[in-house]
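Novice: Questions regarding the structure given below will be posed in turn.
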Amino acid sequence: MAASPVPPAPAGTPPTLLPAPDTGPSQLVVHLGGWVDPVRMRGAVKGVLDRGGRKPFWRELDLGVLTVGERTDALDGLLAADRGSVGSPGPPERAALVRLAWERHLLVLTARQRHHDEVTLRALLRDLLRAYAVPGTVRARVGEPPAEETEVPLTAADAGRLTLRALGLGVDLETVVRGAWTVVLAGAAGRREVVLGGADLCAPPPGAPAPAPGRVTVTGVRAIHHGQPPLTLVLRADPGPLQLRLRGRRGLFGTEAVRDTADRLAGVLRRLANDSRAGVSHAGEFTVQAAQLVG
């Protein structure tokens with residue numbers, strides 16, 4: 001089961017789209033090498049993020065005097081506090097500059113509904129460093145990662161049994177799929193994390209001069225996403241057999257989150273199709289027994 005660019009919609013009845021909202025914020029922890037001027041970095045961050053109409057809330061934190069254990073606890077507290085206060089009713093984005101040592105800093109960016117792949121993250125970091133080095137230098141905003149679709153691994157035999165099951169329950173097939181989709185989203189994974197090297201993200205182009213001594217550089221990025229990323233279930237059943245695909249934007253975590261969700265959805269639908277104890281109401285709600293079948 002592989003992800004593919006979103007294909008053109010076939011002629012005929014348009015597919016049913018069942019969107020799922022983003023259930024949690026994303027955070028970027030950018031490791032910076034070199035001495036950082038907080039005033040200039042604040043101007044660079046605000047300049048780059050403001051271009052999209054998203055005004056970040058800024059704060060600074062000095063953890064340089066703490067022990068390693070105290071520093072870890074304080075950083076975990078910062079990440080948790082920013083996760084809990086970003087978005088409605090709080091600011092759409094939060095930015096924090098954390099000093100660890102004289103030439104070691106972290107730039108923590110927290111936002112909802114902002115997702116990056118390596119291309120857009122690389123462009124963001126280059127723009128931040130450029131705006132820091134030359135204040136007022138902000139390029140045009142980079143677009144979002146492209147959308148891709150991943151097939152839900154449901155065989156023709158599974159789809160046929162599911163159709164018969166829906167008839168037996170006295171509901172249409174879309175109602176059954178909606179019920180399964182709701183259950184899958186309720187059990188979404190709580191956290192995903194990936195670590196990227198700064199050399200890969202901010203490597204200078206061939207032939208470019210080496211960074212000047214003392215210049216701020218990105219030495220690594222830790223990307224964290226909490227909850228279910230925004231996905232749309234694409235349902236096609238008329239004309240032809242049931243087809244289910246998950247549509248989402250390509251991200252730093254590859255297609256792992258989408259594949260996991262697709263596999264869990266297929267599992268719930270198979271259980272519903274094959275277990276006589278499972279039921280679903282006209283409102284698309286599972287019975288208690290069906291909820292217990294979700295593994």
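Chain labels A, B, ... are given in the sequence in which chains occur in the structure tokens; within each chain residues are numbered consecutively from 1, and ligands are likewise numbered from 1 in the order shown.
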So that I can check the surroundings of Leu106 (chain A), please list as a compact mmCIF listing (two decimals) with all heavy atoms, in the first residue's frame every protein, DNA and RNA residue that reaches within 7 Å of it, counting only C-alpha atoms and ignoring chain neighbours fewer than 6 positions away.
Specialist:
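In the end it all went to around-v3.txt:
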# COMPACT_ATOMS: atom_id res chain seq x y z
N VAL A 29 11.60 21.85 17.41
CA VAL A 29 12.65 22.25 18.34
C VAL A 29 13.93 22.36 17.51
O VAL A 29 14.53 21.35 17.14
CB VAL A 29 12.81 21.24 19.49
CG1 VAL A 29 13.88 21.73 20.46
CG2 VAL A 29 11.49 21.04 20.22
N VAL A 30 14.31 23.59 17.19
CA VAL A 30 15.45 23.85 16.31
C VAL A 30 16.68 24.11 17.16
O VAL A 30 16.71 25.05 17.97
CB VAL A 30 15.17 25.06 15.39
CG1 VAL A 30 16.32 25.26 14.42
CG2 VAL A 30 13.85 24.86 14.63
N HIS A 31 17.70 23.27 17.01
CA HIS A 31 18.96 23.43 17.75
C HIS A 31 19.86 24.41 17.00
O HIS A 31 20.18 24.19 15.82
CB HIS A 31 19.66 22.08 17.91
CG HIS A 31 18.91 21.12 18.79
ND1 HIS A 31 19.36 20.76 20.04
CD2 HIS A 31 17.74 20.47 18.61
CE1 HIS A 31 18.50 19.92 20.59
NE2 HIS A 31 17.51 19.72 19.74
N LEU A 32 20.28 25.48 17.69
CA LEU A 32 21.09 26.52 17.07
C LEU A 32 22.49 26.52 17.67
O LEU A 32 22.66 26.45 18.89
CB LEU A 32 20.45 27.89 17.30
CG LEU A 32 19.03 28.09 16.74
CD1 LEU A 32 18.46 29.43 17.18
CD2 LEU A 32 19.03 27.97 15.22
N LEU A 97 12.67 31.26 22.51
CA LEU A 97 14.12 31.11 22.39
C LEU A 97 14.64 30.67 23.76
O LEU A 97 14.47 31.37 24.75
CB LEU A 97 14.77 32.43 21.97
CG LEU A 97 16.29 32.38 21.78
CD1 LEU A 97 16.66 31.45 20.62
CD2 LEU A 97 16.85 33.78 21.54
N VAL A 98 15.28 29.50 23.78
CA VAL A 98 15.74 28.91 25.03
C VAL A 98 17.27 28.88 25.01
O VAL A 98 17.87 28.26 24.12
CB VAL A 98 15.19 27.48 25.21
CG1 VAL A 98 15.66 26.89 26.54
CG2 VAL A 98 13.66 27.48 25.12
N ARG A 99 17.90 29.53 25.98
CA ARG A 99 19.36 29.52 26.09
C ARG A 99 19.80 28.34 26.95
O ARG A 99 19.37 28.19 28.09
CB ARG A 99 19.87 30.82 26.71
CG ARG A 99 21.38 30.87 26.90
CD ARG A 99 21.82 32.17 27.56
NE ARG A 99 23.24 32.15 27.84
CZ ARG A 99 23.80 31.65 28.96
NH1 ARG A 99 23.03 31.13 29.90
NH2 ARG A 99 25.10 31.68 29.12
Novice: Taking the DSSP assignment computed from this structure's backbone, write out as an NGL selection string all residues of region 68-161 of chain A that belong to helix (DSSP H, G or I).
Specialist: :A and (68-85 or 118-133 or 156-161)
Novice: In Å, rounded to a single decimal, give me how far CA of Leu164 (chain A) is from CA of Leu244 (chain A).
Specialist: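 It comes out at 17.1 Å.
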Novice: Could you tell me, as a ChimeraX atom specification, which residues of region 25-233 of chain A DSSP assigns to strand (DSSP E or B) when given the backbone?
Specialist: /A:26-33,57-62,93-101,104-111,147-151,191-197,217-226,231-233
Novice: Check the smallest atom-to-atom distance from each of A:Gly87, A:Gly69, A:Gly251, A:Gly267 to Thr120 (chain A) using only C-alpha atoms, then report the winner.
Specialist: A:Gly251
Novice: Figure out the distance between CA of His225 (chain A) and CA of Gln27 (chain A), please, to one decimal in Å.
Specialist: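 Between these atoms lies a distance of 6.4 Å.
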Novice: Residues at most 6 Å from Leu246 (chain A), counting only C-alpha atoms, excluding those fewer than 4 positions away in the same chain, as a PyMOL selection string?
Specialist: chain A and resi 149-150+232-233
Novice: Give me, as a CSV table (one decimal) with N, CA, C and O atoms, in the first residue's frame, all polymer residues having an atom no more than 9 Å from Leu154 (chain A), counting only C-alpha atoms and skipping those fewer than 5 positions away in the same chain.
Specialist:
chain,number,residue,atom,x,y,z
A,159,ALA,N,-15.1,-5.8,0.9
A,159,ALA,CA,-16.0,-4.8,0.6
A,159,ALA,C,-17.4,-5.4,0.3
A,159,ALA,O,-18.4,-4.8,0.7
A,242,LEU,N,-16.8,-0.6,-3.6
A,242,LEU,CA,-16.4,0.3,-2.6
A,242,LEU,C,-14.9,0.6,-2.7
A,242,LEU,O,-14.1,-0.3,-2.8
A,243,GLN,N,-14.5,1.9,-2.7
A,243,GLN,CA,-13.1,2.3,-2.7
A,243,GLN,C,-12.9,3.3,-1.6
A,243,GLN,O,-13.6,4.3,-1.6
A,244,LEU,N,-11.9,3.1,-0.8
A,244,LEU,CA,-11.6,4.0,0.3
A,244,LEU,C,-10.1,4.4,0.2
A,244,LEU,O,-9.2,3.6,0.1
A,263,ASP,N,-4.7,1.2,8.0
A,263,ASP,CA,-4.7,-0.1,8.5
A,263,ASP,C,-5.7,-0.3,9.6
A,263,ASP,O,-6.5,-1.3,9.6
A,266,ALA,N,-9.2,-0.3,8.1
A,266,ALA,CA,-9.5,-1.5,7.4
A,266,ALA,C,-9.9,-2.6,8.4
A,266,ALA,O,-10.8,-3.4,8.2
A,267,GLY,N,-9.1,-2.6,9.5
A,267,GLY,CA,-9.4,-3.6,10.6
A,267,GLY,C,-10.7,-3.5,11.2
A,267,GLY,O,-11.5,-4.5,11.4
A,269,LEU,N,-13.4,-2.1,9.8
A,269,LEU,CA,-14.4,-2.5,8.8
A,269,LEU,C,-14.5,-4.0,8.6
A,269,LEU,O,-15.6,-4.6,8.5
A,270,ARG,N,-13.4,-4.7,8.7
A,270,ARG,CA,-13.4,-6.2,8.6
A,270,ARG,C,-14.1,-6.8,9.7
A,270,ARG,O,-14.9,-7.8,9.6
Novice: Ranking A:Pro145, A:Gly47, A:Gly187, A:Gly227 by minimum distance to Arg130 (chain A) and counting only C-alpha atoms, which one comes first?
Specialist: A:Gly47
Novice: At what distance in Å, to one decimal, does CA of His226 (chain A) lie from CA of Thr67 (chain A)?
Specialist: 27.7 Å
Novice: Which residues, written as a VMD selection string, have at least one atom at most 7 Å from Arg161 (chain A), with only C-alpha atoms counted and residues fewer than 4 positions away on the same chain left out?
Specialist: chain A and resid 157 165 273
Novice: Write out, as a tab-separated table (two decimals), in the first residue's frame, the residues just selected, with C-alpha atoms.
Specialist:
chain	number	residue	atom	x	y	z
A	157	ALA	CA	-14.29	-9.70	-0.78
A	165	ARG	CA	-23.61	-6.44	6.43
A	273	ALA	CA	-18.32	-7.14	8.26
Novice: So which one's closest to Arg40 (chain A), A:Pro14, A:Pro19, A:Gly136, A:Pro92? Using only C-alpha atoms, please.
Specialist: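 For Arg40 (chain A), the nearest of the given residues is A:Gly136.
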Novice: Neighbours of Val218 (chain A) within 8 Å (only C-alpha atoms; same-chain residues fewer than 2 positions away dropped), as a PyMOL selection string?
Specialist: chain A and resi 30-33+125+198-199+202+216+220-221
